[in-house]
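A.B. asks: Before anything else, here's the structure in question.
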Amino acid sequence: NAGVTQTPKFQVLKTGQSMTLQCAQDMNHNSMYWYRQDPGMGLRLIYYSASEGTTDKGEVPNGYNVSRLNKREFSLRLESAAPSQTSVYFCASSSVSATDTQYFGPGTRLTVL
Amino acid sequence: GQQVMQIPQYQHVQEGEDFTTYCNSSTTLSNIQWYKQRPGGHPVFLIQLVKSGEVKKQKRLTFQFGEAKKNSSLHITATQTTDVGTYFCAGGGGATNKLIFGTGTLLAVQP
């Protein structure tokens, strides 16, 4: 059981470049989430997916898009990266509801120059 | 919108001293969860409290959920260097039915 996996672990982009962060879980969870973590700001929800085929905006969705490819995979895309998107990105999953225990991946450390 | 505030933001203690972090929600919660994030790591679930006034213990850690279900605390007795990290509370329920994370408390423990 790998739990929640994320790729890549580290990434450096130039302003305007695009990239997709990948996330997969093997716990048969229905719900998946993308958070960003910035110093002093805690974890802020970008997007979430309550089930396969559905996605919803969180607190800070601007500049991001998501795809729930299947029950296992939930990707986050930056279409045109900006320095303000420099952050650590965590994917998480939970069994059913957003208020269930969440299991986090190891994170992607993204720097946008 | 719903907010979860945590204090202090940072605490530095000598090994063996006690430590407490407090969590306050702007709305009544259905549950409160606590997570720990080691430096360079990812948040890991510690515990969930559901009932009003609930108290749970895990070895040297004591978790409380307020009577009004709007606040919570985590107390660590006799800190050890292994306790270093950021402790997050996360409030569940309310209007959004999402888990809202607090800003976290970074604990530093000096040997």
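Residues are referred to by chain and number: the chain letter is A, B, ... according to the order shown in the structure tokens, the number counts from 1 in that chain, and ligands are numbered separately from 1 in the order shown.
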I want to know what sits within 8 Å of Leu69 (chain A), based on only C-alpha atoms, with residues of the same chain fewer than 3 positions away left out; could you give that as a PyMOL selection string?
C.D. replies: chain A and resi 52-53+72-75
A.B. asks: Select, as an MDAnalysis selection string, those residues of chain A with any atom no more than 9 Å from chain B (distances computed using only C-alpha atoms).
C.D. replies: chainID A and resid 40:45 90 97:107
A.B. asks: What separation in Å, quoted to one decimal, exists between CA of Asp38 (chain A) and CA of Val88 (chain A)?
C.D. replies: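 Computing it gives 6.8 Å between the two atoms.
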A.B. asks: I'd like the neighbourhood of Gln6 (chain A) as a list in words, where a residue qualifies if any of its atoms comes within 8 Å (using only C-alpha atoms), though same-chain residues fewer than 2 positions away should be ignored.
C.D. replies: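 Listed by chain and then number, they are Val4, Pro8, Lys9, Leu21, Gln22, Cys23, Ala24, Cys91, Gly105, Pro106, Gly107 and Thr108 of chain A.
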A.B. asks: Restricting the output to C-alpha atoms, write the selected residues as an mmCIF file, in the first residue's frame.
C.D. replies:
```cif
data_model
loop_
_atom_site.group_PDB
_atom_site.id
_atom_site.type_symbol
_atom_site.label_atom_id
_atom_site.label_comp_id
_atom_site.auth_asym_id
_atom_site.auth_seq_id
_atom_site.Cartn_x
_atom_site.Cartn_y
_atom_site.Cartn_z
ATOM 1 C CA VAL A 4 -0.979 8.754 -1.741
ATOM 2 C CA PRO A 8 7.257 15.240 -9.295
ATOM 3 C CA LYS A 9 8.839 15.888 -5.876
ATOM 4 C CA LEU A 21 1.177 17.763 -10.959
ATOM 5 C CA GLN A 22 0.132 14.139 -10.688
ATOM 6 C CA CYS A 23 -1.493 12.443 -7.710
ATOM 7 C CA ALA A 24 -2.671 8.882 -7.206
ATOM 8 C CA CYS A 91 -2.530 16.067 -2.641
ATOM 9 C CA GLY A 105 1.004 12.664 -0.251
ATOM 10 C CA PRO A 106 4.663 13.678 0.206
ATOM 11 C CA GLY A 107 4.211 16.998 -1.621
ATOM 12 C CA THR A 108 5.639 18.779 -4.659
#
```
A.B. asks: Considering only strand (DSSP E) as DSSP defines it on the backbone, what residues of chain A qualify? List them as a PyMOL selection string.
C.D. replies: chain A and resi 4-7+10-13+19-25+31-38+42-49+56-57+64-68+74-78+87-94+103-104+108-112
A.B. asks: What separation in Å, quoted to one decimal, exists between CA of Thr86 (chain A) and CA of Cys23 (chain B)?
C.D. replies: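 Atom-to-atom, CA of Thr86 (chain A) and CA of Cys23 (chain B) are spaced 27.3 Å apart.
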A.B. asks: Can you pull out every residue within 12 Å of Gln17 (chain A), counting only C-alpha atoms, but drop anything in the same chain fewer than 3 positions away, and send it as an MDAnalysis selection string?
C.D. replies: chainID A and resid 11:14 20 77:83 85 111:113
A.B. asks: Nearest to Arg109 (chain A): which of A:Ser94, A:Ser87, A:Arg36, A:Gly3 is it, counting only C-alpha atoms?
C.D. replies: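 Among A:Ser94, A:Ser87, A:Arg36, A:Gly3, it is A:Ser87 that comes nearest to Arg109 (chain A).
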A.B. asks: Have a look at CA of Thr15 (chain A) and CA of Gly63 (chain A) and let me know their distance in Å, one decimal.
C.D. replies: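 Here the two named atoms are 12.5 Å from each other.
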A.B. asks: Within 6 Å of region 14-18 of chain B, counting only C-alpha atoms, which residues qualify if same-chain residues fewer than 5 places away don't, as a ChimeraX atom specification?
C.D. replies: /B:76-80,109-111
A.B. asks: Using N, CA and C atoms, can you write the selected residues to a file as an mmCIF file, in the first residue's frame?
C.D. replies:
```
data_model
loop_
_atom_site.group_PDB
_atom_site.id
_atom_site.type_symbol
_atom_site.label_atom_id
_atom_site.label_comp_id
_atom_site.auth_asym_id
_atom_site.auth_seq_id
_atom_site.Cartn_x
_atom_site.Cartn_y
_atom_site.Cartn_z
ATOM 1 N N ILE B 76 0.969 19.059 25.087
ATOM 2 C CA ILE B 76 2.021 18.046 25.152
ATOM 3 C C ILE B 76 2.735 18.201 26.479
ATOM 4 N N THR B 77 2.793 17.138 27.236
ATOM 5 C CA THR B 77 3.480 17.127 28.531
ATOM 6 C C THR B 77 4.925 16.694 28.335
ATOM 7 N N ALA B 78 5.828 17.400 28.960
ATOM 8 C CA ALA B 78 7.253 17.031 28.936
ATOM 9 C C ALA B 78 7.740 16.791 27.516
ATOM 10 N N THR B 79 7.832 17.866 26.754
ATOM 11 C CA THR B 79 8.207 17.750 25.344
ATOM 12 C C THR B 79 9.532 17.033 25.149
ATOM 13 N N GLN B 80 9.628 16.375 23.997
ATOM 14 C CA GLN B 80 10.859 15.709 23.584
ATOM 15 C C GLN B 80 11.246 16.248 22.211
ATOM 16 N N VAL B 109 11.896 22.441 19.832
ATOM 17 C CA VAL B 109 12.288 21.907 21.131
ATOM 18 C C VAL B 109 13.807 21.900 21.233
ATOM 19 N N GLN B 110 14.310 22.635 22.211
ATOM 20 C CA GLN B 110 15.758 22.705 22.408
ATOM 21 C C GLN B 110 16.198 21.639 23.390
ATOM 22 N N PRO B 111 17.177 20.795 22.997
ATOM 23 C CA PRO B 111 17.620 19.727 23.903
ATOM 24 C C PRO B 111 18.309 20.297 25.143
#
```
A.B. asks: Excluding Ser73 (chain B) and its own-chain neighbours fewer than 6 positions away, which residues fall within 8 Å of it when counting only C-alpha atoms? Please give them as a PDB file with all heavy atoms, in the first residue's frame.
C.D. replies:
```pdb
ATOM      1  N   THR B  20       1.302  23.955  24.687  1.00  0.00           N
ATOM      2  CA  THR B  20      -0.116  23.935  24.335  1.00  0.00           C
ATOM      3  C   THR B  20      -0.360  24.799  23.111  1.00  0.00           C
ATOM      4  O   THR B  20       0.172  25.907  23.011  1.00  0.00           O
ATOM      5  CB  THR B  20      -0.990  24.453  25.497  1.00  0.00           C
ATOM      6  OG1 THR B  20      -0.716  23.696  26.678  1.00  0.00           O
ATOM      7  CG2 THR B  20      -2.466  24.312  25.156  1.00  0.00           C
ATOM      8  N   THR B  21      -1.170  24.320  22.214  1.00  0.00           N
ATOM      9  CA  THR B  21      -1.621  25.104  21.070  1.00  0.00           C
ATOM     10  C   THR B  21      -3.145  25.128  21.075  1.00  0.00           C
ATOM     11  O   THR B  21      -3.790  24.139  21.440  1.00  0.00           O
ATOM     12  CB  THR B  21      -1.082  24.577  19.734  1.00  0.00           C
ATOM     13  OG1 THR B  21      -1.691  25.299  18.650  1.00  0.00           O
ATOM     14  CG2 THR B  21      -1.355  23.092  19.541  1.00  0.00           C
ATOM     15  N   TYR B  22      -3.697  26.279  20.679  1.00  0.00           N
ATOM     16  CA  TYR B  22      -5.133  26.496  20.761  1.00  0.00           C
ATOM     17  C   TYR B  22      -5.708  26.760  19.370  1.00  0.00           C
ATOM     18  O   TYR B  22      -5.084  27.410  18.534  1.00  0.00           O
ATOM     19  CB  TYR B  22      -5.435  27.704  21.654  1.00  0.00           C
ATOM     20  CG  TYR B  22      -4.936  27.542  23.062  1.00  0.00           C
ATOM     21  CD1 TYR B  22      -3.661  27.985  23.419  1.00  0.00           C
ATOM     22  CD2 TYR B  22      -5.721  26.951  24.033  1.00  0.00           C
ATOM     23  CE1 TYR B  22      -3.190  27.836  24.709  1.00  0.00           C
ATOM     24  CE2 TYR B  22      -5.271  26.799  25.336  1.00  0.00           C
ATOM     25  CZ  TYR B  22      -3.995  27.246  25.664  1.00  0.00           C
ATOM     26  OH  TYR B  22      -3.539  27.088  26.943  1.00  0.00           O
ATOM     27  N   CYS B  23      -6.916  26.289  19.191  1.00  0.00           N
ATOM     28  CA  CYS B  23      -7.578  26.371  17.891  1.00  0.00           C
ATOM     29  C   CYS B  23      -8.983  26.945  18.107  1.00  0.00           C
ATOM     30  O   CYS B  23      -9.708  26.477  18.993  1.00  0.00           O
ATOM     31  CB  CYS B  23      -7.660  24.946  17.347  1.00  0.00           C
ATOM     32  SG  CYS B  23      -8.362  24.775  15.735  1.00  0.00           S
ATOM     33  N   PHE B  63      -5.788  15.996  23.952  1.00  0.00           N
ATOM     34  CA  PHE B  63      -6.597  16.770  23.026  1.00  0.00           C
ATOM     35  C   PHE B  63      -7.948  17.050  23.673  1.00  0.00           C
ATOM     36  O   PHE B  63      -8.549  16.161  24.280  1.00  0.00           O
ATOM     37  CB  PHE B  63      -6.826  15.990  21.726  1.00  0.00           C
ATOM     38  CG  PHE B  63      -5.572  15.558  21.031  1.00  0.00           C
ATOM     39  CD1 PHE B  63      -4.932  14.381  21.414  1.00  0.00           C
ATOM     40  CD2 PHE B  63      -5.038  16.303  19.995  1.00  0.00           C
ATOM     41  CE1 PHE B  63      -3.773  13.961  20.761  1.00  0.00           C
ATOM     42  CE2 PHE B  63      -3.886  15.898  19.346  1.00  0.00           C
ATOM     43  CZ  PHE B  63      -3.259  14.726  19.730  1.00  0.00           C
ATOM     44  N   GLN B  64      -8.427  18.296  23.520  1.00  0.00           N
ATOM     45  CA  GLN B  64      -9.731  18.653  24.067  1.00  0.00           C
ATOM     46  C   GLN B  64     -10.573  19.323  22.992  1.00  0.00           C
ATOM     47  O   GLN B  64     -10.063  20.086  22.165  1.00  0.00           O
ATOM     48  CB  GLN B  64      -9.567  19.622  25.249  1.00  0.00           C
ATOM     49  CG  GLN B  64      -8.910  19.013  26.454  1.00  0.00           C
ATOM     50  CD  GLN B  64      -8.986  19.937  27.662  1.00  0.00           C
ATOM     51  OE1 GLN B  64      -9.216  21.126  27.537  1.00  0.00           O
ATOM     52  NE2 GLN B  64      -8.776  19.386  28.845  1.00  0.00           N
ATOM     53  N   PHE B  65     -11.871  19.080  23.054  1.00  0.00           N
ATOM     54  CA  PHE B  65     -12.836  19.734  22.185  1.00  0.00           C
ATOM     55  C   PHE B  65     -13.756  20.534  23.083  1.00  0.00           C
ATOM     56  O   PHE B  65     -14.297  20.000  24.053  1.00  0.00           O
ATOM     57  CB  PHE B  65     -13.633  18.693  21.407  1.00  0.00           C
ATOM     58  CG  PHE B  65     -14.323  19.201  20.166  1.00  0.00           C
ATOM     59  CD1 PHE B  65     -14.084  20.461  19.645  1.00  0.00           C
ATOM     60  CD2 PHE B  65     -15.219  18.383  19.489  1.00  0.00           C
ATOM     61  CE1 PHE B  65     -14.706  20.902  18.495  1.00  0.00           C
ATOM     62  CE2 PHE B  65     -15.848  18.812  18.315  1.00  0.00           C
ATOM     63  CZ  PHE B  65     -15.595  20.077  17.818  1.00  0.00           C
TER      64      PHE B  65
END
```
